[in-house]
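As stored in coords.pdb (PDB, C-alpha atoms):
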ATOM      1  CA  MET A   1     -68.232  30.889  35.582
ATOM      2  CA  TYR A   2     -71.415  32.856  36.215
ATOM      3  CA  GLU A   3     -73.449  31.772  39.242
ATOM      4  CA  THR A   4     -76.081  33.467  41.352
ATOM      5  CA  GLN A   5     -77.366  32.740  44.839
ATOM      6  CA  ARG A   6     -80.795  31.099  44.950
ATOM      7  CA  ALA A   7     -82.237  33.959  47.021
ATOM      8  CA  ASP A   8     -80.975  36.494  44.456
ATOM      9  CA  MET A   9     -82.318  34.335  41.655
ATOM     10  CA  LEU A  10     -85.792  34.567  43.201
ATOM     11  CA  TRP A  11     -85.476  38.378  43.297
ATOM     12  CA  VAL A  12     -84.430  38.402  39.644
ATOM     13  CA  VAL A  13     -87.467  36.328  38.708
ATOM     14  CA  LEU A  14     -89.782  38.541  40.802
ATOM     15  CA  ILE A  15     -88.385  41.803  39.401
ATOM     16  CA  ASN A  16     -88.696  40.513  35.849
ATOM     17  CA  ILE A  17     -92.173  39.019  36.278
ATOM     18  CA  PRO A  18     -93.782  41.914  34.337
ATOM     19  CA  TYR A  19     -91.685  40.923  31.297
ATOM     20  CA  ALA A  20     -93.007  37.382  31.567
ATOM     21  CA  ILE A  21     -96.635  38.207  32.354
ATOM     22  CA  MET A  22     -97.300  41.169  30.064
ATOM     23  CA  PRO A  23     -96.676  39.345  26.742
ATOM     24  CA  ILE A  24     -98.979  36.524  27.836
ATOM     25  CA  LEU A  25    -101.724  39.002  28.772
ATOM     26  CA  LEU A  26    -101.155  40.827  25.485
ATOM     27  CA  TRP A  27    -101.482  37.523  23.635
ATOM     28  CA  ILE A  28    -104.815  36.877  25.379
ATOM     29  CA  ARG A  29    -105.978  40.450  24.698
ATOM     30  CA  LEU A  30    -105.155  40.171  20.992
ATOM     31  CA  THR A  31    -106.535  36.669  20.447
ATOM     32  CA  ILE A  32    -109.450  35.461  22.588
ATOM     33  CA  GLY A  33    -109.974  38.992  23.965
ATOM     34  CA  TRP A  34    -110.040  40.588  20.508
ATOM     35  CA  ARG A  35    -113.323  42.185  19.480
ATOM     36  CA  THR A  36    -114.104  44.563  16.642
ATOM     37  CA  THR A  37    -117.220  46.406  15.643
ATOM     38  CA  GLY A  38    -116.890  44.783  12.242
ATOM     39  CA  SER A  39    -117.050  48.142  10.498
ATOM     40  CA  HIS A  40    -113.439  48.082   9.333
ATOM     41  CA  GLU A  41    -112.469  44.433   9.788
ATOM     42  CA  LYS A  42    -111.209  43.078   6.474
ATOM     43  CA  LEU A  43    -109.430  39.925   7.570
ATOM     44  CA  SER A  44    -112.250  37.979   9.218
TER
ATOM     45  CA  MET B  45    -114.597  60.132  20.842
ATOM     46  CA  GLY B  46    -112.087  59.499  18.055
ATOM     47  CA  GLU B  47    -112.795  57.984  14.674
ATOM     48  CA  ASP B  48    -114.417  54.549  14.472
ATOM     49  CA  THR B  49    -111.602  52.194  13.526
ATOM     50  CA  GLY B  50    -113.526  49.069  14.454
ATOM     51  CA  TRP B  51    -111.568  48.698  17.684
ATOM     52  CA  VAL B  52    -113.591  47.623  20.724
ATOM     53  CA  PRO B  53    -111.849  48.998  23.839
ATOM     54  CA  HIS B  54    -110.973  46.806  26.776
ATOM     55  CA  GLY B  55    -110.478  47.885  30.382
ATOM     56  CA  GLY B  56    -106.903  46.610  30.375
ATOM     57  CA  ASP B  57    -105.784  48.706  27.391
ATOM     58  CA  THR B  58    -104.587  51.547  29.634
ATOM     59  CA  ALA B  59    -102.462  49.113  31.652
ATOM     60  CA  PHE B  60    -100.873  47.888  28.406
ATOM     61  CA  LEU B  61    -100.104  51.486  27.421
ATOM     62  CA  VAL B  62     -98.429  52.168  30.786
ATOM     63  CA  THR B  63     -96.373  48.979  30.396
ATOM     64  CA  PHE B  64     -95.313  49.926  26.863
ATOM     65  CA  VAL B  65     -94.062  53.288  28.174
ATOM     66  CA  LEU B  66     -92.105  51.698  31.046
ATOM     67  CA  PHE B  67     -90.602  48.992  28.842
ATOM     68  CA  ALA B  68     -89.676  51.562  26.180
ATOM     69  CA  ILE B  69     -87.755  53.517  28.834
ATOM     70  CA  THR B  70     -85.883  50.311  29.719
ATOM     71  CA  SER B  71     -85.099  49.624  26.063
ATOM     72  CA  PHE B  72     -83.931  53.109  25.144
ATOM     73  CA  ALA B  73     -82.391  54.376  28.410
ATOM     74  CA  PHE B  74     -80.928  51.291  30.096
ATOM     75  CA  GLU B  75     -79.986  48.749  27.417
ATOM     76  CA  PRO B  76     -77.421  50.996  25.659
ATOM     77  CA  PHE B  77     -75.267  50.858  28.799
ATOM     78  CA  VAL B  78     -75.128  47.053  28.606
ATOM     79  CA  VAL B  79     -74.518  47.076  24.858
ATOM     80  CA  PHE B  80     -71.990  49.907  24.599
ATOM     81  CA  GLY B  81     -70.699  50.222  28.167
ATOM     82  CA  CYS B  82     -68.948  53.411  29.287
ATOM     83  CA  GLY B  83     -65.454  52.935  27.967
ATOM     84  CA  GLY B  84     -62.762  50.477  28.961
ATOM     85  CA  ASP B  85     -63.717  46.875  29.626
ATOM     86  CA  GLY B  86     -65.499  47.496  32.919
ATOM     87  CA  GLY B  87     -69.054  47.073  31.596
ATOM     88  CA  LEU B  88     -71.687  48.513  33.903
ATOM     89  CA  ALA B  89     -69.105  48.977  36.681
ATOM     90  CA  ALA B  90     -67.346  51.547  34.473
ATOM     91  CA  CYS B  91     -70.686  53.370  34.050
ATOM     92  CA  ALA B  92     -71.245  53.525  37.819
ATOM     93  CA  LYS B  93     -67.676  54.742  38.368
ATOM     94  CA  ALA B  94     -67.966  57.382  35.635
ATOM     95  CA  PHE B  95     -71.290  58.557  37.090
ATOM     96  CA  GLU B  96     -69.770  58.968  40.577
ATOM     97  CA  GLU B  97     -66.604  60.658  39.369
ATOM     98  CA  ALA B  98     -68.460  63.076  37.095
ATOM     99  CA  ASP B  99     -70.209  64.465  40.193
ATOM    100  CA  GLY B 100     -73.277  65.853  38.482
ATOM    101  CA  ALA B 101     -71.705  66.586  35.109
ATOM    102  CA  GLY B 102     -72.357  63.008  34.027
ATOM    103  CA  TRP B 103     -76.019  62.997  35.087
ATOM    104  CA  TYR B 104     -76.973  61.265  31.822
ATOM    105  CA  LEU B 105     -75.085  58.173  33.026
ATOM    106  CA  TRP B 106     -77.644  57.551  35.796
ATOM    107  CA  PRO B 107     -79.349  54.630  34.044
ATOM    108  CA  GLY B 108     -75.973  52.890  33.828
ATOM    109  CA  ALA B 109     -75.374  53.494  37.545
ATOM    110  CA  VAL B 110     -78.854  52.226  38.448
ATOM    111  CA  PHE B 111     -78.396  49.173  36.200
ATOM    112  CA  HIS B 112     -75.049  48.480  37.878
ATOM    113  CA  TRP B 113     -76.706  48.674  41.322
ATOM    114  CA  TYR B 114     -79.376  46.198  40.130
ATOM    115  CA  ALA B 115     -76.737  43.846  38.723
ATOM    116  CA  GLU B 116     -74.579  44.057  41.823
ATOM    117  CA  SER B 117     -77.527  43.591  44.206
ATOM    118  CA  PHE B 118     -79.534  40.892  42.420
ATOM    119  CA  ASP B 119     -78.524  39.939  38.907
ATOM    120  CA  PRO B 120     -74.754  39.456  38.477
ATOM    121  CA  VAL B 121     -75.167  38.113  34.953
ATOM    122  CA  PHE B 122     -75.120  41.764  33.859
ATOM    123  CA  LEU B 123     -71.783  42.352  35.601
ATOM    124  CA  TYR B 124     -70.107  39.898  33.228
ATOM    125  CA  THR B 125     -72.614  40.043  30.391
ATOM    126  CA  PRO B 126     -72.193  37.021  28.115
ATOM    127  CA  GLY B 127     -72.235  37.645  24.359
ATOM    128  CA  TRP B 128     -75.666  36.097  23.784
ATOM    129  CA  LEU B 129     -77.227  38.344  26.462
ATOM    130  CA  MET B 130     -75.550  41.412  24.985
ATOM    131  CA  ILE B 131     -77.106  40.498  21.628
ATOM    132  CA  MET B 132     -80.520  40.123  23.302
ATOM    133  CA  CYS B 133     -80.090  43.546  24.944
ATOM    134  CA  ALA B 134     -79.115  45.037  21.567
ATOM    135  CA  LEU B 135     -82.249  43.533  20.014
ATOM    136  CA  ASP B 136     -84.283  44.950  22.903
ATOM    137  CA  MET B 137     -82.834  48.363  22.067
ATOM    138  CA  VAL B 138     -83.216  48.370  18.272
ATOM    139  CA  LEU B 139     -86.217  46.074  17.780
ATOM    140  CA  PHE B 140     -88.428  45.992  20.868
ATOM    141  CA  GLY B 141     -87.856  49.669  21.732
ATOM    142  CA  PRO B 142     -89.365  50.889  18.436
ATOM    143  CA  ALA B 143     -92.018  48.139  18.723
ATOM    144  CA  TYR B 144     -93.225  49.710  21.984
ATOM    145  CA  LEU B 145     -93.613  53.066  20.194
ATOM    146  CA  VAL B 146     -95.599  51.375  17.405
ATOM    147  CA  LEU B 147     -97.748  49.526  19.974
ATOM    148  CA  MET B 148     -98.348  52.778  21.885
ATOM    149  CA  TYR B 149     -99.474  54.501  18.686
ATOM    150  CA  GLY B 150    -101.662  51.564  17.686
ATOM    151  CA  PHE B 151    -103.356  51.307  21.069
ATOM    152  CA  LEU B 152    -103.821  55.076  21.399
ATOM    153  CA  LYS B 153    -105.224  55.460  17.880
ATOM    154  CA  ARG B 154    -107.029  52.103  18.088
ATOM    155  CA  ARG B 155    -105.593  50.676  14.880
ATOM    156  CA  LEU B 156    -106.570  47.113  14.027
ATOM    157  CA  TRP B 157    -103.142  46.325  12.518
ATOM    158  CA  VAL B 158    -101.633  46.608  15.995
ATOM    159  CA  ARG B 159    -102.937  43.102  16.604
ATOM    160  CA  TRP B 160    -100.294  41.565  14.327
ATOM    161  CA  VAL B 161     -97.478  43.740  15.683
ATOM    162  CA  GLY B 162     -98.545  42.848  19.222
ATOM    163  CA  LEU B 163     -98.710  39.116  18.554
ATOM    164  CA  ALA B 164     -95.266  39.123  16.890
ATOM    165  CA  TYR B 165     -93.811  41.174  19.756
ATOM    166  CA  ALA B 166     -95.428  39.011  22.470
ATOM    167  CA  SER B 167     -94.109  35.822  20.852
ATOM    168  CA  ALA B 168     -90.563  37.155  20.506
ATOM    169  CA  ILE B 169     -90.326  38.592  24.035
ATOM    170  CA  THR B 170     -91.764  35.394  25.544
ATOM    171  CA  TYR B 171     -89.042  33.373  23.821
ATOM    172  CA  SER B 172     -86.271  35.667  25.089
ATOM    173  CA  CYS B 173     -87.769  35.647  28.618
ATOM    174  CA  VAL B 174     -87.721  31.844  28.669
ATOM    175  CA  VAL B 175     -84.041  31.812  27.626
ATOM    176  CA  TYR B 176     -83.101  34.442  30.224
ATOM    177  CA  PHE B 177     -85.053  32.860  33.111
ATOM    178  CA  ALA B 178     -83.771  29.387  32.243
ATOM    179  CA  TYR B 179     -80.181  30.656  32.288
ATOM    180  CA  VAL B 180     -80.568  32.458  35.633
ATOM    181  CA  VAL B 181     -82.403  29.558  37.299
ATOM    182  CA  SER B 182     -80.028  26.900  35.955
ATOM    183  CA  HIS B 183     -76.993  28.829  37.236
ATOM    184  CA  SER B 184     -78.233  29.415  40.779
ATOM    185  CA  THR B 185     -76.565  27.831  43.785
ATOM    186  CA  GLU B 186     -77.454  27.420  47.456
TER
END
Take the structure from the file and write it as structure tokens.
Amino acid sequence: MYETQRADMLWVVLINIPYAIMPILLWIRLTIGWRTTGSHEKLS
Amino acid sequence: MGEDTGWVPHGGDTAFLVTFVLFAITSFAFEPFVVFGCGGDGGLAACAKAFEEADGAGWYLWPGAVFHWYAESFDPVFLYTPGWLMIMCALDMVLFGPAYLVLMYGFLKRRLWVRWVGLAYASAITYSCVVYFAYVVSHSTE
């Protein structure tokens, strides 16, 4: 059965943090951080 | 300045572009070695062995060798990749990889439609990250 040491697990989490953080930042950028000039916006 | 697409730039857009490039490299260069392996049933270990034995002639196997080093050093789940994780890696290769190219184009050309691609991508990758982290954390021991 697959197991990993706790210290290694922390490294895995740290190394993969960009994969966890970037989508959240992208979500923020594309929702509450989304601004348009209004010149071509058709959906709002 | 390019054409006015209605896009209002943000200081972090360049950082997103850099991330899309790096993640695309992961999707296209590294994931195939998890999904397809390098022959036999050795998974990434077979890739590392093939890379060493080829002695320069198999230079294109370097991502497999690097991935094997990462798996051996930190993340052994990729040494004995379970089926569900192989499927997630395959999706990363065929779905998220192209999505990064689309996001790069959209951000570079400042297309408003990129918003919907980005939101769909961010939702999907967040879900897969939660599954992956939960699996790693729940299988850790002292």
Open item on the list: Can you translate the PyMOL selection byres ((chain B and resi 70-73) around 9) into the concrete residues it hits in this file, as a ChimeraX atom specification?
Closed with: /B:65-69,74-77,107-108,133-134,136-138,140-142
TODO: Report as a ChimeraX atom specification the full result of the PyMOL selection byres ((chain A) within 8 of (chain B)) when it is applied to this structure.
DONE: /A:2-6,8-9,11-13,19-20,22-24,26-27,30,34-41
Open item on the list: Which residues are close to Leu105 of chain B, i.e. within 10 Å by all atoms listed in the file, leaving aside same-chain residues fewer than 4 positions away? Reply as a list in words.
Closed with: Ala73, Phe74, Phe77, Cys82, Cys91, Ala92, Lys93, Ala94, Phe95, Glu96, Ala98, Gly100, Ala101, Ala109 and Val110 of chain B
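We find atom CA of Met148 of chain B and atom CA of Val79 of chain B to be spaced 24.7 Å apart.
Atom pair atom CA of Leu129 of chain B / atom CA of Ala7 of chain A: separated by 21.6 Å.
Going from atom CA of Tyr144 of chain B over to atom CA of Thr31 of chain A, you cover 18.7 Å.
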For segment 99-102 of chain B, what centre and edge lengths in Å (one decimal) does the axis-aligned box get once 3 Å is added on each side of all its listed atoms, as AutoDock Vina command-line options?
--center_x -71.7 --center_y 64.8 --center_z 37.1 --size_x 9.1 --size_y 9.6 --size_z 12.2
Please rebuild segment 3-18 of chain A with N, CA and C atoms and return the result as an mmCIF file, in the coordinates of the input.
data_model
loop_
_atom_site.group_PDB
_atom_site.id
_atom_site.type_symbol
_atom_site.label_atom_id
_atom_site.label_comp_id
_atom_site.auth_asym_id
_atom_site.auth_seq_id
_atom_site.Cartn_x
_atom_site.Cartn_y
_atom_site.Cartn_z
ATOM 1 N N GLU A 3 -72.535 32.440 38.318
ATOM 2 C CA GLU A 3 -73.449 31.772 39.242
ATOM 3 C C GLU A 3 -74.176 32.843 40.041
ATOM 4 N N THR A 4 -75.364 32.535 40.482
ATOM 5 C CA THR A 4 -76.081 33.467 41.352
ATOM 6 C C THR A 4 -76.662 32.691 42.528
ATOM 7 N N GLN A 5 -76.776 33.376 43.670
ATOM 8 C CA GLN A 5 -77.366 32.740 44.839
ATOM 9 C C GLN A 5 -78.855 32.513 44.599
ATOM 10 N N ARG A 6 -79.389 31.432 45.182
ATOM 11 C CA ARG A 6 -80.795 31.099 44.950
ATOM 12 C C ARG A 6 -81.732 32.230 45.399
ATOM 13 N N ALA A 7 -81.399 32.860 46.530
ATOM 14 C CA ALA A 7 -82.237 33.959 47.021
ATOM 15 C C ALA A 7 -82.244 35.113 46.024
ATOM 16 N N ASP A 8 -81.059 35.428 45.456
ATOM 17 C CA ASP A 8 -80.975 36.494 44.456
ATOM 18 C C ASP A 8 -81.726 36.099 43.198
ATOM 19 N N MET A 9 -81.637 34.817 42.848
ATOM 20 C CA MET A 9 -82.318 34.335 41.655
ATOM 21 C C MET A 9 -83.823 34.575 41.780
ATOM 22 N N LEU A 10 -84.361 34.340 42.992
ATOM 23 C CA LEU A 10 -85.792 34.567 43.201
ATOM 24 C C LEU A 10 -86.145 36.042 43.022
ATOM 25 N N TRP A 11 -85.255 36.942 43.494
ATOM 26 C CA TRP A 11 -85.476 38.378 43.297
ATOM 27 C C TRP A 11 -85.476 38.724 41.805
ATOM 28 N N VAL A 12 -84.525 38.137 41.084
ATOM 29 C CA VAL A 12 -84.430 38.402 39.644
ATOM 30 C C VAL A 12 -85.728 37.998 38.950
ATOM 31 N N VAL A 13 -86.223 36.805 39.315
ATOM 32 C CA VAL A 13 -87.467 36.328 38.708
ATOM 33 C C VAL A 13 -88.624 37.263 39.068
ATOM 34 N N LEU A 14 -88.697 37.660 40.355
ATOM 35 C CA LEU A 14 -89.782 38.541 40.802
ATOM 36 C C LEU A 14 -89.741 39.893 40.092
ATOM 37 N N ILE A 15 -88.532 40.480 40.019
ATOM 38 C CA ILE A 15 -88.385 41.803 39.401
ATOM 39 C C ILE A 15 -88.761 41.756 37.921
ATOM 40 N N ASN A 16 -88.443 40.620 37.292
ATOM 41 C CA ASN A 16 -88.696 40.513 35.849
ATOM 42 C C ASN A 16 -90.037 39.873 35.495
ATOM 43 N N ILE A 17 -90.851 39.625 36.513
ATOM 44 C CA ILE A 17 -92.173 39.019 36.278
ATOM 45 C C ILE A 17 -93.003 39.818 35.264
ATOM 46 N N PRO A 18 -92.991 41.170 35.327
ATOM 47 C CA PRO A 18 -93.782 41.914 34.337
ATOM 48 C C PRO A 18 -93.414 41.556 32.899
#
